[in-house]
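*Asks:* As input, take upload-v8.cif (mmCIF, C-alpha atoms and all ligand atoms):
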```cif
data_start
loop_
_atom_site.label_atom_id
_atom_site.label_comp_id
_atom_site.auth_asym_id
_atom_site.auth_seq_id
_atom_site.Cartn_x
_atom_site.Cartn_y
_atom_site.Cartn_z
CA MET A 1 16.90 6.63 35.67
CA ARG A 2 16.19 3.31 34.01
CA SER A 3 19.06 0.87 33.90
CA GLN A 4 20.94 -0.35 30.83
CA ILE A 5 19.95 -3.91 31.72
CA GLU A 6 16.26 -2.94 31.66
CA ASP A 7 16.83 -1.28 28.25
CA LEU A 8 18.48 -4.39 26.86
CA GLU A 9 15.69 -6.63 28.12
CA VAL A 10 13.10 -4.47 26.39
CA LYS A 11 15.18 -4.49 23.22
CA LYS A 12 15.25 -8.29 23.11
CA GLN A 13 11.74 -9.00 24.36
CA VAL A 14 9.77 -10.81 21.66
CA GLU A 15 6.24 -9.42 21.31
CA GLN A 16 3.16 -10.41 19.35
CA LEU A 17 2.88 -7.80 16.60
CA PHE A 18 0.11 -7.05 14.11
CA ALA A 19 0.24 -5.14 10.84
CA ALA A 20 -3.25 -3.80 10.08
CA THR A 21 -4.14 -3.52 6.38
CA ALA A 22 -7.01 -2.38 4.20
CA PRO A 23 -9.25 -5.28 3.06
CA GLY A 24 -7.63 -7.29 0.28
CA LEU A 25 -4.03 -6.36 1.13
CA GLU A 26 -3.46 -8.98 3.85
CA GLY A 27 -1.73 -11.44 1.50
CA VAL A 28 0.73 -8.96 -0.01
CA CYS A 29 1.52 -7.57 3.43
CA ALA A 30 2.24 -11.11 4.67
CA ALA A 31 4.60 -11.55 1.70
CA GLU A 32 6.37 -8.30 2.63
CA LEU A 33 6.82 -9.44 6.24
CA THR A 34 8.14 -12.82 5.12
CA ALA A 35 10.63 -11.09 2.81
CA LEU A 36 11.76 -9.00 5.80
CA GLY A 37 12.54 -12.27 7.60
CA MET A 38 9.84 -11.98 10.26
CA ALA A 39 8.75 -14.99 12.31
CA GLY A 40 5.21 -16.31 12.85
CA VAL A 41 3.73 -14.51 9.84
CA LYS A 42 0.01 -15.28 9.46
CA ALA A 43 -2.49 -13.34 7.35
CA VAL A 44 -5.92 -12.95 8.96
CA ALA A 45 -8.90 -10.74 8.07
CA GLY A 46 -7.77 -7.10 8.41
CA GLY A 47 -4.05 -7.67 8.70
CA VAL A 48 -1.11 -9.91 9.46
CA GLU A 49 0.11 -11.37 12.75
CA PHE A 50 3.84 -11.77 13.30
CA CYS A 51 6.26 -11.60 16.16
CA GLY A 52 9.49 -9.87 16.95
CA ALA A 53 11.42 -7.57 19.26
CA LEU A 54 12.20 -3.85 18.85
CA ARG A 55 14.31 -4.41 15.73
CA GLU A 56 11.44 -6.17 13.95
CA LEU A 57 8.94 -3.54 15.11
CA TYR A 58 11.13 -0.74 13.69
CA LEU A 59 11.82 -2.69 10.49
CA ALA A 60 8.10 -3.26 9.88
CA ASN A 61 7.35 0.45 10.26
CA LEU A 62 10.27 1.42 8.07
CA TRP A 63 9.67 -1.02 5.23
CA LEU A 64 6.02 -2.10 4.98
CA ARG A 65 4.47 -0.53 1.89
CA THR A 66 1.00 -2.03 2.30
CA ALA A 67 0.19 -1.85 6.05
CA SER A 68 -1.87 0.96 7.59
CA ARG A 69 -0.26 0.67 11.03
CA VAL A 70 1.76 -1.74 13.18
CA VAL A 71 0.56 -2.49 16.70
CA VAL A 72 2.03 -4.37 19.65
CA ARG A 73 -0.30 -6.78 21.41
CA PHE A 74 -0.02 -5.53 24.99
CA SER A 75 -2.34 -7.69 27.07
CA GLU A 76 -5.54 -9.69 27.28
CA LEU A 77 -7.78 -9.24 30.32
CA ARG A 78 -10.92 -11.21 31.09
CA CYS A 79 -13.40 -8.85 32.71
CA ARG A 80 -17.14 -8.50 33.15
CA ASP A 81 -17.24 -5.35 35.30
CA PHE A 82 -15.33 -2.07 35.63
CA PRO A 83 -13.70 -2.74 39.04
CA THR A 84 -12.15 -5.94 37.57
CA LEU A 85 -10.96 -4.05 34.48
CA TYR A 86 -9.36 -1.39 36.69
CA ARG A 87 -7.76 -3.91 39.08
CA LYS A 88 -6.28 -6.01 36.28
CA ALA A 89 -5.17 -3.00 34.23
CA LEU A 90 -3.33 -1.61 37.25
CA GLN A 91 -1.00 -4.64 37.19
CA LEU A 92 0.10 -4.19 33.56
CA PRO A 93 3.64 -3.09 32.62
CA TRP A 94 2.49 0.26 31.12
CA GLY A 95 5.96 1.75 31.58
CA ARG A 96 7.27 -0.28 28.64
CA TYR A 97 5.19 1.81 26.23
CA VAL A 98 4.15 5.06 27.86
CA LYS A 99 5.87 7.77 29.83
CA PRO A 100 4.22 9.19 32.97
CA GLY A 101 1.89 12.05 32.07
CA THR A 102 0.84 10.49 28.74
CA ARG A 103 -2.76 10.94 27.65
CA LEU A 104 -4.26 7.74 26.21
CA GLN A 105 -6.35 8.02 23.10
CA VAL A 106 -8.47 4.88 23.44
CA ARG A 107 -10.24 3.40 20.42
CA ALA A 108 -12.57 0.70 21.74
CA THR A 109 -14.96 -1.76 20.11
CA CYS A 110 -17.22 -4.14 22.08
CA ARG A 111 -18.98 -7.29 20.91
CA ARG A 112 -20.94 -9.83 22.94
CA SER A 113 -19.54 -8.40 26.20
CA ARG A 114 -20.91 -7.13 29.51
CA LEU A 115 -18.82 -3.97 29.25
CA GLN A 116 -20.26 -1.84 26.46
CA HIS A 117 -19.65 1.74 27.51
CA THR A 118 -16.59 2.64 25.45
CA GLU A 119 -16.05 6.04 27.13
CA ARG A 120 -16.04 4.44 30.55
CA ILE A 121 -13.63 1.73 29.35
CA ALA A 122 -11.31 4.51 28.15
CA GLU A 123 -11.58 6.40 31.46
CA THR A 124 -10.92 3.24 33.49
CA LEU A 125 -7.83 2.36 31.47
CA GLN A 126 -6.51 5.94 31.61
CA LYS A 127 -6.97 6.00 35.39
CA ALA A 128 -5.28 2.61 35.89
CA MET A 129 -2.38 3.58 33.63
CA THR A 130 -1.85 6.98 35.26
CA ARG A 131 -1.85 5.42 38.72
CA ALA A 132 0.38 2.50 37.68
CA LEU A 133 2.96 5.01 36.42
CA GLY A 134 2.85 6.94 39.66
CA ALA A 135 1.34 10.10 38.18
CA THR A 136 -1.89 11.78 39.22
CA THR A 137 -3.28 13.18 35.95
CA PRO A 138 -2.16 13.23 32.29
CA GLU A 139 -0.17 16.39 31.50
CA GLU A 140 -2.10 19.19 29.76
CA ASN A 141 0.16 19.33 26.70
CA GLY A 142 1.84 15.98 27.29
CA PRO A 143 2.27 13.16 24.76
CA THR A 144 -0.69 11.12 23.51
CA GLN A 145 -0.65 7.44 22.68
CA LEU A 146 -3.25 5.42 20.79
CA LEU A 147 -4.41 2.29 22.62
CA ILE A 148 -6.63 -0.01 20.59
CA VAL A 149 -9.09 -1.96 22.73
CA SER A 150 -11.20 -4.80 21.44
CA LEU A 151 -13.66 -6.48 23.79
CA GLU A 152 -15.14 -9.71 22.54
CA ASP A 153 -16.95 -12.31 24.69
CA ASP A 154 -15.69 -10.44 27.80
CA LEU A 155 -12.06 -10.75 26.72
CA CYS A 156 -10.43 -7.34 26.54
CA ARG A 157 -7.47 -7.17 24.12
CA LEU A 158 -5.19 -4.15 24.41
CA SER A 159 -2.76 -3.12 21.66
CA PHE A 160 -0.41 -0.15 21.46
CA ASP A 161 -0.11 1.61 18.13
CA SER A 162 3.57 1.93 17.23
CA SER A 163 3.10 3.92 14.01
CA GLY A 164 1.39 7.17 14.99
CA GLU A 165 0.22 8.78 11.77
CA LEU A 166 -1.09 6.09 9.44
CA LEU A 167 1.62 4.48 7.34
CA HIS A 168 0.21 5.71 4.02
CA ARG A 169 1.35 9.16 5.14
CA ARG A 170 4.88 8.74 3.81
CA GLY A 171 5.34 12.51 3.88
CA TYR A 172 5.77 13.15 0.16
CA ARG A 173 2.16 13.63 -0.91
CA GLN A 174 1.17 17.13 0.01
CA ASP A 175 -0.47 17.97 -3.34
CA VAL A 176 -3.48 15.92 -4.34
CA GLY A 177 -5.97 15.76 -7.18
CA ALA A 178 -9.69 15.08 -6.87
CA ALA A 179 -9.66 11.45 -5.66
CA PRO A 180 -6.16 10.30 -4.81
CA LEU A 181 -5.39 6.69 -3.96
CA ARG A 182 -3.84 5.89 -0.62
CA GLU A 183 -0.15 5.18 -1.05
CA THR A 184 -0.54 1.82 0.74
CA LEU A 185 -3.29 0.77 -1.67
CA ALA A 186 -1.28 1.87 -4.71
CA ALA A 187 1.77 -0.13 -3.55
CA GLY A 188 -0.45 -3.11 -2.69
CA ILE A 189 -2.03 -3.11 -6.16
CA LEU A 190 1.39 -3.08 -7.84
CA MET A 191 2.33 -6.08 -5.70
CA LEU A 192 -0.98 -7.89 -6.32
CA LEU A 193 -0.24 -7.56 -10.05
CA GLY A 194 3.26 -8.97 -9.56
CA TRP A 195 5.04 -5.79 -10.68
CA GLN A 196 8.52 -5.88 -9.18
CA GLY A 197 10.07 -2.75 -10.56
CA ASP A 198 11.90 -4.22 -13.52
CA GLN A 199 9.37 -3.39 -16.26
CA PRO A 200 7.92 -0.09 -17.47
CA LEU A 201 4.82 1.24 -15.76
CA PHE A 202 2.21 3.47 -17.44
CA ASP A 203 -0.79 5.15 -15.83
CA PRO A 204 -2.93 6.85 -18.52
CA MET A 205 -5.01 8.75 -15.89
CA CYS A 206 -2.32 9.26 -13.28
CA GLY A 207 -3.78 12.18 -11.26
CA SER A 208 -1.33 13.11 -8.50
CA GLY A 209 0.91 10.21 -9.51
CA THR A 210 0.51 7.75 -6.64
CA PHE A 211 1.02 4.54 -8.68
CA LEU A 212 4.10 6.03 -10.34
CA ILE A 213 5.72 7.36 -7.16
CA GLU A 214 5.05 4.15 -5.23
CA GLY A 215 6.36 2.26 -8.27
CA ALA A 216 9.58 4.28 -8.18
CA LEU A 217 10.08 3.70 -4.43
CA LEU A 218 9.50 -0.02 -4.97
CA ALA A 219 11.84 -0.26 -7.96
CA LEU A 220 14.58 1.72 -6.21
CA LYS A 221 14.12 -0.37 -3.01
CA ARG A 222 13.71 2.74 -0.92
CA PRO A 223 11.98 2.28 2.45
CA PRO A 224 8.69 4.20 2.49
CA GLY A 225 9.07 5.19 6.17
CA ALA A 226 12.58 6.65 6.06
CA GLY A 227 11.57 10.30 6.24
CA ARG A 228 8.89 10.37 8.92
CA GLU A 229 8.26 10.12 12.64
CA PHE A 230 6.63 7.16 14.39
CA ALA A 231 4.80 6.79 17.72
CA PHE A 232 7.45 4.34 18.98
CA MET A 233 9.99 7.18 18.90
CA GLY A 234 8.21 8.64 21.95
CA TRP A 235 8.23 5.38 23.95
CA PRO A 236 10.39 5.12 27.08
CA HIS A 237 12.81 2.56 25.60
CA TYR A 238 13.21 4.13 22.16
CA ARG A 239 16.58 3.04 20.71
CA GLN A 240 17.61 5.86 18.42
CA GLY A 241 20.89 4.08 17.64
CA LEU A 242 19.03 0.99 16.43
CA TRP A 243 16.72 3.12 14.25
CA LYS A 244 19.71 4.92 12.69
CA ALA A 245 21.46 1.61 12.05
CA LEU A 246 18.34 0.30 10.25
CA LEU A 247 18.22 3.47 8.13
CA LEU A 248 21.87 2.98 7.16
CA GLU A 249 21.28 -0.69 6.30
CA ALA A 250 18.28 0.36 4.21
CA ALA A 251 20.30 2.99 2.34
CA LYS A 252 22.84 0.30 1.35
CA GLN A 253 20.09 -1.88 -0.14
CA GLY A 254 18.86 0.89 -2.46
CA ARG A 255 19.23 0.61 -6.24
CA ASP A 256 19.65 3.41 -8.73
CA VAL A 257 18.11 1.63 -11.71
CA CYS A 258 14.47 2.32 -12.39
CA PRO A 259 12.31 1.35 -15.38
CA ILE A 260 10.46 4.00 -17.39
CA LEU A 261 7.49 5.29 -15.36
CA THR A 262 5.03 7.27 -17.48
CA GLY A 263 1.88 9.06 -16.49
CA ALA A 264 -0.68 11.00 -18.48
CA ASP A 265 -3.72 13.02 -17.47
CA ARG A 266 -5.99 15.56 -19.15
CA ASP A 267 -5.59 17.93 -16.19
CA ALA A 268 -2.29 19.85 -16.37
CA ASP A 269 -2.68 21.16 -12.79
CA VAL A 270 -2.87 17.68 -11.34
CA LEU A 271 0.28 16.76 -13.26
CA ASP A 272 2.05 19.70 -11.56
CA ALA A 273 0.90 18.23 -8.24
CA ALA A 274 2.30 14.85 -9.30
CA ARG A 275 5.64 16.52 -10.16
CA ARG A 276 5.86 18.22 -6.77
CA ASN A 277 4.97 14.99 -4.97
CA ALA A 278 7.60 13.10 -6.95
CA GLN A 279 10.18 15.75 -6.10
CA ARG A 280 9.44 15.46 -2.38
CA ALA A 281 9.69 11.67 -2.68
CA GLY A 282 13.07 12.13 -4.42
CA VAL A 283 11.98 10.25 -7.55
CA ALA A 284 11.05 13.05 -9.99
CA GLU A 285 13.91 12.19 -12.35
CA TYR A 286 12.35 8.75 -13.06
CA LEU A 287 8.88 10.00 -14.04
CA SER A 288 7.71 11.21 -17.42
CA LEU A 289 4.38 13.05 -17.25
CA GLN A 290 2.29 14.01 -20.28
CA PRO A 291 -0.76 16.32 -20.44
CA LEU A 292 -2.93 14.10 -22.64
CA GLU A 293 -6.61 13.21 -22.97
CA LEU A 294 -7.21 9.49 -23.41
CA SER A 295 -8.31 10.22 -27.01
CA GLN A 296 -4.89 11.86 -27.71
CA GLN A 297 -2.96 8.76 -26.67
CA THR A 298 -1.94 7.13 -29.91
CA SER A 299 1.46 5.58 -29.31
CA SER A 300 2.93 3.35 -26.63
CA PRO A 301 5.02 5.42 -24.17
CA SER A 302 7.75 2.76 -23.90
CA ALA A 303 8.44 -0.92 -24.35
CA PRO A 304 5.60 -3.05 -22.92
CA GLY A 305 5.19 -3.37 -19.18
CA LEU A 306 2.27 -2.82 -16.81
CA ALA A 307 -0.51 -0.34 -17.67
CA LEU A 308 -2.54 0.47 -14.61
CA SER A 309 -5.13 3.10 -13.85
CA ASN A 310 -7.60 4.34 -11.29
CA PRO A 311 -10.26 6.06 -13.45
CA PRO A 312 -12.96 8.28 -11.92
CA TYR A 313 -15.77 6.34 -10.19
CA GLY A 314 -18.53 8.74 -11.11
CA ALA A 315 -19.33 10.70 -7.96
CA ARG A 316 -19.05 13.99 -9.85
CA LEU A 317 -19.79 12.76 -13.38
CA GLY A 318 -22.90 11.71 -15.25
CA ARG A 319 -23.31 8.10 -16.38
CA GLY A 320 -22.70 8.92 -20.04
CA GLU A 321 -19.43 10.75 -19.35
CA LEU A 322 -18.28 7.92 -17.10
CA ASP A 323 -19.02 5.28 -19.74
CA ASP A 324 -17.08 7.39 -22.28
CA ILE A 325 -14.02 7.45 -20.00
CA TYR A 326 -14.04 3.65 -19.57
CA ARG A 327 -14.59 3.18 -23.31
CA GLY A 328 -11.67 5.55 -23.93
CA LEU A 329 -9.49 3.55 -21.56
CA GLY A 330 -10.55 0.36 -23.35
CA ARG A 331 -9.49 1.87 -26.69
CA VAL A 332 -6.05 2.85 -25.31
CA TYR A 333 -5.55 -0.60 -23.78
CA ARG A 334 -6.68 -2.38 -26.97
CA GLN A 335 -5.20 -0.23 -29.72
CA VAL A 336 -2.20 1.50 -28.16
CA LEU A 337 -0.98 -1.06 -25.59
CA PRO A 338 -1.80 -4.48 -27.08
CA GLY A 339 1.31 -6.24 -25.74
CA TRP A 340 1.04 -4.84 -22.20
CA GLN A 341 -0.21 -6.35 -18.95
CA ARG A 342 -3.30 -4.12 -18.39
CA ALA A 343 -5.38 -3.52 -15.27
CA PHE A 344 -7.62 -0.91 -13.67
CA LEU A 345 -9.75 -0.25 -10.60
CA CYS A 346 -13.51 0.04 -10.90
CA PRO A 347 -16.36 0.08 -8.38
CA GLU A 348 -18.84 -1.87 -10.57
CA PRO A 349 -18.44 -4.92 -12.81
CA ARG A 350 -21.06 -3.45 -15.21
CA LEU A 351 -19.02 -0.27 -15.64
CA ALA A 352 -15.80 -2.28 -15.95
CA LYS A 353 -17.29 -4.19 -18.92
CA THR A 354 -17.59 -0.88 -20.79
CA VAL A 355 -13.87 -1.13 -21.63
CA GLY A 356 -14.90 -3.86 -24.10
CA LEU A 357 -12.07 -6.28 -23.31
CA PRO A 358 -12.18 -9.72 -21.65
CA LEU A 359 -11.58 -9.18 -17.92
CA ALA A 360 -10.80 -11.12 -14.76
CA GLN A 361 -11.43 -9.56 -11.35
CA THR A 362 -8.21 -10.27 -9.48
CA ALA A 363 -8.95 -8.61 -6.11
CA HIS A 364 -11.71 -7.09 -4.00
CA LEU A 365 -10.43 -3.87 -2.40
CA GLN A 366 -11.66 -0.68 -0.77
CA ASN A 367 -10.66 2.83 -1.75
CA GLY A 368 -11.77 5.62 0.57
CA GLY A 369 -14.58 3.44 1.94
CA ILE A 370 -15.81 2.51 -1.57
CA ARG A 371 -15.66 -1.14 -2.60
CA VAL A 372 -13.63 -1.49 -5.78
CA GLY A 373 -12.51 -4.39 -7.88
CA LEU A 374 -9.09 -4.74 -9.45
CA PHE A 375 -9.77 -5.84 -13.03
CA ALA A 376 -7.09 -7.31 -15.27
CA VAL A 377 -7.39 -7.74 -19.03
CA LYS A 378 -7.21 -11.48 -19.81
C1 LIG A 401 -9.45 9.09 -9.67
S1 LIG A 401 -8.34 10.19 -10.41
C2 LIG A 401 -6.80 9.34 -10.35
C3 LIG A 401 -6.15 9.52 -9.04
C4 LIG A 401 -4.74 9.00 -8.99
N1 LIG A 401 -4.70 7.56 -9.00
C5 LIG A 401 -4.04 9.57 -7.77
O1 LIG A 401 -3.59 8.81 -6.91
O2 LIG A 401 -3.98 10.80 -7.64
C6 LIG A 401 -8.76 10.08 -12.09
C7 LIG A 401 -7.95 10.95 -13.00
O3 LIG A 401 -8.37 10.69 -14.33
C8 LIG A 401 -8.22 11.89 -15.07
N2 LIG A 401 -9.09 11.78 -16.27
C9 LIG A 401 -10.45 11.68 -16.30
N3 LIG A 401 -10.86 11.57 -17.56
C10 LIG A 401 -9.77 11.59 -18.34
C11 LIG A 401 -9.57 11.50 -19.76
N4 LIG A 401 -10.58 11.37 -20.60
N5 LIG A 401 -8.29 11.55 -20.23
C12 LIG A 401 -7.26 11.68 -19.38
N6 LIG A 401 -7.39 11.79 -18.04
C13 LIG A 401 -8.63 11.73 -17.53
C14 LIG A 401 -8.65 12.99 -14.09
O4 LIG A 401 -8.10 14.24 -14.47
C15 LIG A 401 -8.10 12.44 -12.77
O5 LIG A 401 -6.85 13.01 -12.45
#
```
Can the structure in the file be given as structure tokens, please?
Ligand SMILES: C[S@@+](CC[C@H](N)C(=O)[O-])C[C@H]1O[C@@H](n2cnc3c(N)ncnc32)[C@H](O)[C@@H]1O

*Replies:*
Amino acid sequence: MRSQIEDLEVKKQVEQLFAATAPGLEGVCAAELTALGMAGVKAVAGGVEFCGALRELYLANLWLRTASRVVVRFSELRCRDFPTLYRKALQLPWGRYVKPGTRLQVRATCRRSRLQHTERIAETLQKAMTRALGATTPEENGPTQLLIVSLEDDLCRLSFDSSGELLHRRGYRQDVGAAPLRETLAAGILMLLGWQGDQPLFDPMCGSGTFLIEGALLALKRPPGAGREFAFMGWPHYRQGLWKALLLEAAKQGRDVCPILTGADRDADVLDAARRNAQRAGVAEYLSLQPLELSQQTSSPSAPGLALSNPPYGARLGRGELDDIYRGLGRVYRQVLPGWQRAFLCPEPRLAKTVGLPLAQTAHLQNGGIRVGLFAVK
């Protein structure tokens, strides 16, 4: 039985933490962490460094809208051979993060290092951890824990994933259209455009409604992670009372005022999916969804606000049809929404120009492995 004193020490122990993000979202994620009151916030390529104890780790998982996962920096080991890796790994305080019998899922990358064999690195770390915890083998159907290993210039950095399923999996989106945006990317784009939930939002090609649902969660100040499980809940020192207290605090911060959030799409089935997603997210009452072709959009859906869209990129369409869609979007932005802030995602500057409006590329992002620009009408 672990002691209460040990529990308290773990609770207060300040760790180096890292919120991993998709490319281009580092800055908005750093702003989120700063707003949460975190210390040592520093955006770097691929994510944001910060520090904190259990409370901060739980808060980050609960509230971050733009991070893919949150990891705890566990240790750094200098090693040039496997016996050294094993010997040093044996000394680490594994029991802070894993229970005996846990199976490690090791994700390793190696650069400019003697040790290159990622499977053997994984085996060595699993063996050292199992022995350090006094077990003999991982249990057949026991828990698994992701350990991220990065070896660079013979320095082996170990990080424990605290999130489990990636953070874009909020739990509400079970119905999707053809090419849905990740929830983290949708929230990040709203933040990159400075939308804070006090102006109307319109997506003229809304698909399964990700911009609108993320917009509603943002406007209502609802934490995106409130309804799901996290890897840290399986750790030996999980503080369920602390987690519940953070959920209660979060519920008190919520608002019940939301601007008008309108979506349109030519595909009625995908709008049904958007409705079901919005219901699961608890925001259906704030969304207005219209089955309209771009060419049928002739009047502004509300007072001006932000118009934002993720049009098709062309994988399943011919060039002519694709150009027509972007021209159609340009017409809606120019004729129907002249007083609005207007933006859209597009994989190619040439295609983006088809909208026929003066544009500025405000961010370089990636959607499902495809490089895309965020273009704003000047
Ligand atoms: C890439 S998907 C949008 C995905 C959406 N952001 C999401 O997260 O689910 C593009 C959407 O544009 C819609 N669309 C394509 N051409 C259209 C047109 N001419 N008028 C209206 N909607 C159109 C498609 O039905 C599709 O749902």

*Asks:* In Å, with one decimal, what is the gap from CA of Ile213 (chain A) to CA of Tyr286 (chain A)?

*Replies:*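 Straight-line distance from CA of Ile213 (chain A) to CA of Tyr286 (chain A) works out to 9.0 Å.
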
*Asks:* So which one's closest to ligand LIG 401 (chain A), A:Phe375, A:Phe202, A:Trp63, A:Trp235? Using all atoms listed in the file, please.

*Replies:*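 When distances to ligand LIG 401 (chain A) are compared using all atoms listed in the file, the smallest one comes from A:Phe202.
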
*Asks:* One number please: CA of Leu90 (chain A) to CA of Arg131 (chain A), in Å, one decimal.

*Replies:*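 These atoms are spaced 7.3 Å apart.
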
*Asks:* Could you list, as a ChimeraX atom specification, all protein and nucleic acid residues with an atom at most 8 Å from ligand LIG 401 (chain A), counting all atoms listed in the file?

*Replies:* /A:176-183,186,204-211,264-267,270,274,292-295,309-313,324-325,328-329

*Asks:* Which protein, DNA or RNA residues are at most 7 Å from (-9.4, -12.0, -18.7) in the file's coordinates when you count only C-alpha atoms, listed as a ChimeraX atom specification?

*Replies:* /A:358-360,376-378

*Asks:* Identify the residues around (2.2, -4.7, 12.5) within a radius of 6 Å, measuring from all atoms listed in the file in the coordinates stated by the file, and give them as a list in words.

*Replies:*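 Checking each residue against the 6 Å limit leaves Leu17, Phe18, Ala19, Val70 and Val71 of chain A.
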
*Asks:* If you count only C-alpha atoms, which residues fall within 8 Å of Asp198 (chain A), apart from same-chain ones fewer than 2 positions away, as a PyMOL selection string?

*Replies:* chain A and resi 195-196+200+219+258-259

*Asks:* Nearest residue to Glu49 (chain A) out of A:His364, A:His237, A:Arg157, A:Arg73, using all atoms listed in the file?

*Replies:*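 Of all the options, A:Arg73 lies closest to Glu49 (chain A).
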
*Asks:* Any idea what's packed within 8 Å of Val336 (chain A), counting all atoms listed in the file, ignoring anything in its chain fewer than 6 positions away? Could you give it as a list of chain:residue names?

*Replies:*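 Contacts, in chain order: A:Gln297, A:Thr298, A:Ser299, A:Ser300.
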
*Asks:* Would you mind listing what lies within 8 Å of region 242-251 of chain A as number ranges by chain, with all atoms listed in the file counted and same-chain residues fewer than 6 positions away left out?

*Replies:* A: 55, 58-59, 222-223, 226

*Asks:* In Å, rounded to a single decimal, give me how far CA of Gly215 (chain A) is from CA of Leu308 (chain A).

*Replies:*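 Computed distance, CA of Leu308 (chain A) to CA of Gly215 (chain A), equals 11.1 Å.
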
*Asks:* Calculated over all atoms listed in the file, which of the candidates A:Pro349, A:Pro83, A:Pro236, A:Gly27 has the smallest distance to Thr102 (chain A)?

*Replies:*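 For Thr102 (chain A), the nearest of the candidates is A:Pro236.
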
*Asks:* Would you please work out which residue, of A:Leu322, A:Val41, A:Ala307, A:Leu64, is nearest to Leu185 (chain A) when using all atoms listed in the file?

*Replies:*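 The answer is A:Leu64, which sits nearest to Leu185 (chain A).
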